[in-house]
file protein-v1.csv (CSV, C-alpha atoms)
chain,number,residue,atom,x,y,z
A,1,MET,CA,-38.7,-31.8,-73.8
A,2,VAL,CA,-37.1,-28.4,-73.8
A,3,PHE,CA,-33.3,-28.3,-74.4
A,4,PRO,CA,-31.2,-25.3,-73.6
A,5,SER,CA,-29.8,-23.2,-76.4
A,6,ILE,CA,-26.3,-23.9,-77.5
A,7,GLU,CA,-25.6,-20.2,-76.8
A,8,LEU,CA,-26.3,-20.9,-73.1
A,9,VAL,CA,-23.8,-23.8,-73.1
A,10,GLU,CA,-21.2,-21.8,-75.0
A,11,GLU,CA,-21.6,-18.9,-72.5
A,12,ILE,CA,-21.1,-21.1,-69.5
A,13,VAL,CA,-18.0,-22.7,-71.1
A,14,ASP,CA,-16.7,-19.2,-72.0
A,15,LEU,CA,-17.2,-18.0,-68.4
A,16,PHE,CA,-15.4,-21.1,-67.1
A,17,ASN,CA,-12.5,-20.6,-69.6
A,18,ARG,CA,-12.0,-17.0,-68.3
A,19,SER,CA,-12.2,-18.1,-64.6
A,20,GLY,CA,-9.5,-19.6,-62.5
A,21,ALA,CA,-11.7,-22.5,-61.5
A,22,SER,CA,-10.6,-26.0,-62.0
A,23,GLU,CA,-14.1,-27.5,-62.1
A,24,LEU,CA,-17.6,-26.4,-62.7
A,25,GLU,CA,-20.8,-28.4,-62.3
A,26,PHE,CA,-24.1,-27.0,-63.8
A,27,SER,CA,-27.6,-28.3,-63.7
A,28,ASP,CA,-31.1,-27.1,-64.4
A,29,ALA,CA,-34.4,-28.8,-65.4
A,30,SER,CA,-33.1,-30.0,-68.8
A,31,LEU,CA,-29.3,-30.1,-68.6
A,32,LYS,CA,-26.6,-31.3,-66.3
A,33,PHE,CA,-22.9,-31.2,-67.0
A,34,ARG,CA,-19.5,-30.9,-65.4
A,35,ILE,CA,-16.4,-29.2,-66.8
A,36,ARG,CA,-12.9,-29.9,-65.6
A,37,ARG,CA,-9.6,-28.4,-66.6
A,38,GLY,CA,-7.2,-31.0,-67.9
A,39,SER,CA,-3.6,-31.3,-66.9
A,40,GLY,CA,-0.5,-31.0,-69.1
A,41,SER,CA,0.4,-28.4,-71.7
A,42,ALA,CA,-2.9,-28.1,-73.5
A,43,THR,CA,-4.5,-24.7,-74.0
A,44,PRO,CA,-7.4,-23.8,-71.7
A,45,ALA,CA,-9.9,-24.4,-74.6
A,46,ASP,CA,-8.3,-27.8,-75.3
A,47,ALA,CA,-8.1,-28.8,-71.7
A,48,ILE,CA,-11.9,-28.5,-71.1
A,49,ARG,CA,-13.7,-31.8,-71.0
A,50,ALA,CA,-17.4,-31.6,-70.8
A,51,VAL,CA,-19.4,-34.5,-69.6
A,52,VAL,CA,-23.1,-34.0,-70.4
A,53,ALA,CA,-25.8,-36.2,-68.8
A,54,SER,CA,-29.0,-37.2,-70.4
A,55,PRO,CA,-31.9,-34.8,-69.9
A,56,SER,CA,-33.8,-35.1,-66.6
A,57,VAL,CA,-36.2,-38.1,-66.2
A,58,ASP,CA,-38.7,-35.6,-64.7
A,59,GLY,CA,-39.4,-34.3,-68.2
A,60,PRO,CA,-42.3,-35.2,-70.4
A,61,PRO,CA,-42.9,-38.9,-71.2
A,62,ARG,CA,-40.9,-40.4,-74.0
A,63,PRO,CA,-42.7,-41.4,-77.2
A,64,VAL,CA,-43.9,-45.0,-77.5
A,65,ALA,CA,-43.9,-46.9,-80.8
A,66,SER,CA,-46.6,-49.5,-81.5
A,67,PRO,CA,-45.5,-52.8,-82.9
A,68,GLY,CA,-44.6,-52.5,-86.6
A,69,SER,CA,-44.1,-48.7,-86.4
A,70,ASP,CA,-40.9,-46.7,-86.7
A,71,LEU,CA,-39.8,-43.8,-84.5
A,72,PRO,CA,-37.2,-41.4,-85.9
A,73,VAL,CA,-34.7,-40.0,-83.4
A,74,THR,CA,-34.1,-36.4,-84.4
A,75,SER,CA,-31.3,-34.0,-83.5
A,76,PHE,CA,-32.2,-31.8,-80.5
A,77,MET,CA,-29.5,-29.2,-81.4
A,78,HIS,CA,-27.3,-28.0,-84.2
A,79,GLY,CA,-24.0,-29.9,-84.2
A,80,VAL,CA,-21.9,-32.7,-85.5
A,81,PHE,CA,-23.3,-36.3,-85.2
A,82,HIS,CA,-20.8,-39.0,-84.2
A,83,HIS,CA,-21.5,-42.7,-84.5
A,84,ALA,CA,-18.7,-43.7,-82.0
A,85,PRO,CA,-17.3,-42.5,-78.7
A,86,ALA,CA,-14.0,-41.6,-80.4
A,87,PRO,CA,-12.3,-41.9,-83.8
A,88,GLY,CA,-11.4,-45.5,-84.6
A,89,GLU,CA,-13.7,-47.0,-81.9
A,90,LYS,CA,-16.7,-49.2,-82.5
A,91,GLN,CA,-20.0,-47.5,-83.4
A,92,PHE,CA,-22.6,-47.3,-80.7
A,93,VAL,CA,-25.2,-49.0,-82.9
A,94,SER,CA,-25.5,-50.5,-86.4
A,95,ILE,CA,-28.5,-51.3,-88.6
A,96,GLY,CA,-30.5,-54.2,-87.1
A,97,ALA,CA,-29.0,-53.8,-83.7
A,98,GLN,CA,-31.3,-54.2,-80.7
A,99,VAL,CA,-31.4,-51.2,-78.4
A,100,ALA,CA,-32.9,-50.5,-75.0
A,101,LYS,CA,-34.7,-47.3,-74.0
A,102,ASP,CA,-32.1,-44.7,-72.9
A,103,GLN,CA,-29.2,-46.6,-74.5
A,104,GLN,CA,-26.7,-44.2,-76.1
A,105,ILE,CA,-26.9,-44.5,-79.9
A,106,GLY,CA,-24.7,-41.5,-80.8
A,107,ILE,CA,-23.2,-38.2,-79.8
A,108,LEU,CA,-23.9,-34.6,-80.8
A,109,GLU,CA,-21.0,-32.2,-80.6
A,110,ALA,CA,-21.1,-28.5,-80.6
A,111,MET,CA,-18.2,-26.2,-79.5
A,112,LYS,CA,-16.4,-29.2,-77.9
A,113,VAL,CA,-19.4,-30.0,-75.8
A,114,PHE,CA,-20.6,-33.6,-76.3
A,115,MET,CA,-24.2,-34.6,-75.6
A,116,PRO,CA,-25.4,-38.2,-75.8
A,117,VAL,CA,-28.2,-39.2,-78.2
A,118,VAL,CA,-30.2,-42.0,-76.6
A,119,ALA,CA,-32.9,-44.4,-77.9
A,120,PRO,CA,-36.3,-43.2,-76.8
A,121,ILE,CA,-37.8,-46.7,-76.9
A,122,ASP,CA,-36.8,-50.3,-76.8
A,123,GLY,CA,-36.4,-51.5,-80.3
A,124,PHE,CA,-34.2,-52.2,-83.3
A,125,VAL,CA,-32.1,-49.8,-85.4
A,126,ALA,CA,-33.9,-49.6,-88.7
A,127,VAL,CA,-32.1,-46.8,-90.4
A,128,ILE,CA,-29.0,-44.6,-89.7
A,129,HIS,CA,-29.8,-41.4,-91.6
A,130,VAL,CA,-26.5,-39.5,-91.1
A,131,GLU,CA,-23.0,-40.4,-91.9
A,132,ASN,CA,-20.4,-40.1,-89.1
A,133,GLY,CA,-19.0,-36.6,-88.6
A,134,ILE,CA,-21.7,-34.8,-90.5
A,135,GLU,CA,-23.2,-31.5,-89.4
A,136,VAL,CA,-26.9,-31.7,-88.5
A,137,ALA,CA,-29.7,-29.3,-87.8
A,138,VAL,CA,-32.3,-29.3,-85.1
A,139,GLY,CA,-35.1,-31.7,-86.0
A,140,GLN,CA,-33.0,-33.6,-88.6
A,141,PRO,CA,-33.5,-37.4,-88.4
A,142,LEU,CA,-30.4,-39.2,-87.1
A,143,VAL,CA,-31.6,-42.8,-86.5
A,144,THR,CA,-34.9,-44.6,-86.9
A,145,ILE,CA,-35.8,-47.1,-84.2
A,146,SER,CA,-38.4,-49.8,-85.0
A,147,ALA,CA,-40.4,-51.6,-82.4
A,148,THR,CA,-40.0,-54.9,-84.3
A,149,PRO,CA,-36.8,-56.6,-85.6
A,150,LEU,CA,-35.8,-56.1,-89.2
A,151,SER,CA,-36.2,-59.3,-91.2
A,152,GLY,CA,-32.8,-61.0,-91.8
A,153,ALA,CA,-31.1,-58.5,-89.4
A,154,VAL,CA,-28.6,-59.8,-86.8
A,155,SER,CA,-28.6,-58.0,-83.5

call {"tool": "encode", "arguments": {"input": "protein-v1.csv", "output": "structure tokens"}}
result
Amino acid sequence: MVFPSIELVEEIVDLFNRSGASELEFSDASLKFRIRRGSGSATPADAIRAVVASPSVDGPPRPVASPGSDLPVTSFMHGVFHHAPAPGEKQFVSIGAQVAKDQQIGILEAMKVFMPVVAPIDGFVAVIHVENGIEVAVGQPLVTISATPLSGAVS
């Protein structure tokens, strides 16, 4: 799956910031998002809320893990990995939790753009490699999903 560069996203957000538009929707083969200006006294940069959808289902097939194997979910962009939708809220997943394919398991943030990280297969969270709020690089393991439950784990 090919993901757009963060520079492309930053350029689109910058153009929106400089425009008088109140909303922008963008989509291509690998990315779809909508930006809306907020209301109130926030600055234009603070007022932007980006909602980023999962990559298109028309992309290449997702990996499949065989029973007993583990599949690392790696970062598809440079950014900050978040375990929860907002500070103080419950984490998306914890070790031992059962997850479904395409279930959100985290968020990657770059330049106030938030992109969901989803489980590529049905399985169980075997390892969470990154602490909340830590900067990650492209290809860095974030979470490992196992096709089989962990012994003694509660889902």

call {"tool": "residues_near_point", "arguments": {"input": "protein-v1.csv", "point": "(-11.4, -38.9, -81.0)", "cutoff": "12 Å", "atoms": "all atoms listed in the file", "output": "list in words"}}
result
His82, His83, Ala84, Pro85, Ala86, Pro87, Gly88, Glu89, Lys90, Ile107, Glu109, Lys112, Phe114 and Gly133 of chain A

call {"tool": "closest_residue", "arguments": {"input": "protein-v1.csv", "among": "A:Leu24, A:Val130, A:Val13, A:Asp122", "to": "Asp70 (chain A)", "atoms": "only C-alpha atoms"}}
result
A:Asp122

call {"tool": "residues_around", "arguments": {"input": "protein-v1.csv", "residues": "Glu25 (chain A)", "least_positions_apart": "3", "cutoff": "9 Å", "atoms": "all atoms listed in the file", "output": "PyMOL selection string"}}
result
chain A and resi 32-36

call {"tool": "residues_near_point", "arguments": {"input": "protein-v1.csv", "point": "(-36.9, -53.0, -84.1)", "cutoff": "7 Å", "atoms": "only C-alpha atoms", "output": "compact mmCIF listing (two decimals) with C-alpha atoms, keeping the file's coordinate frame"}}
result
# COMPACT_ATOMS: atom_id res chain seq x y z
CA GLN A 98 -31.30 -54.20 -80.70
CA GLY A 123 -36.40 -51.50 -80.30
CA PHE A 124 -34.20 -52.20 -83.30
CA VAL A 125 -32.10 -49.80 -85.40
CA ALA A 126 -33.90 -49.60 -88.70
CA ILE A 145 -35.80 -47.10 -84.20
CA SER A 146 -38.40 -49.80 -85.00
CA ALA A 147 -40.40 -51.60 -82.40
CA THR A 148 -40.00 -54.90 -84.30
CA PRO A 149 -36.80 -56.60 -85.60
CA LEU A 150 -35.80 -56.10 -89.20

call {"tool": "closest_residue", "arguments": {"input": "protein-v1.csv", "among": "A:Val80, A:Val117, A:Leu71, A:Ala97", "to": "Ile134 (chain A)", "atoms": "all atoms listed in the file"}}
result
A:Val80

call {"tool": "closest_residue", "arguments": {"input": "protein-v1.csv", "among": "A:Leu8, A:Val118, A:Ala137, A:Ile95", "to": "Val73 (chain A)", "atoms": "all atoms listed in the file"}}
result
A:Val118

call {"tool": "atom_distance", "arguments": {"input": "protein-v1.csv", "atom1": "CA of Ser69 (chain A)", "atom2": "CA of Val136 (chain A)"}}
result
24.3 Å

call {"tool": "atom_distance", "arguments": {"input": "protein-v1.csv", "atom1": "CA of Ser75 (chain A)", "atom2": "CA of Pro116 (chain A)"}}
result
10.6 Å

call {"tool": "closest_residue", "arguments": {"input": "protein-v1.csv", "among": "A:Asn132, A:Thr74, A:Asn17, A:Gln140", "to": "Phe92 (chain A)", "atoms": "all atoms listed in the file"}}
result
A:Asn132

call {"tool": "atom_distance", "arguments": {"input": "protein-v1.csv", "atom1": "CA of Gln91 (chain A)", "atom2": "CA of Glu131 (chain A)"}}
result
11.5 Å

call {"tool": "closest_residue", "arguments": {"input": "protein-v1.csv", "among": "A:Ile128, A:Ile121, A:Val113, A:Leu15", "to": "Val93 (chain A)", "atoms": "all atoms listed in the file"}}
result
A:Ile128

call {"tool": "closest_residue", "arguments": {"input": "protein-v1.csv", "among": "A:Arg18, A:Glu135, A:Glu11, A:Val143", "to": "Ile105 (chain A)", "atoms": "all atoms listed in the file"}}
result
A:Val143
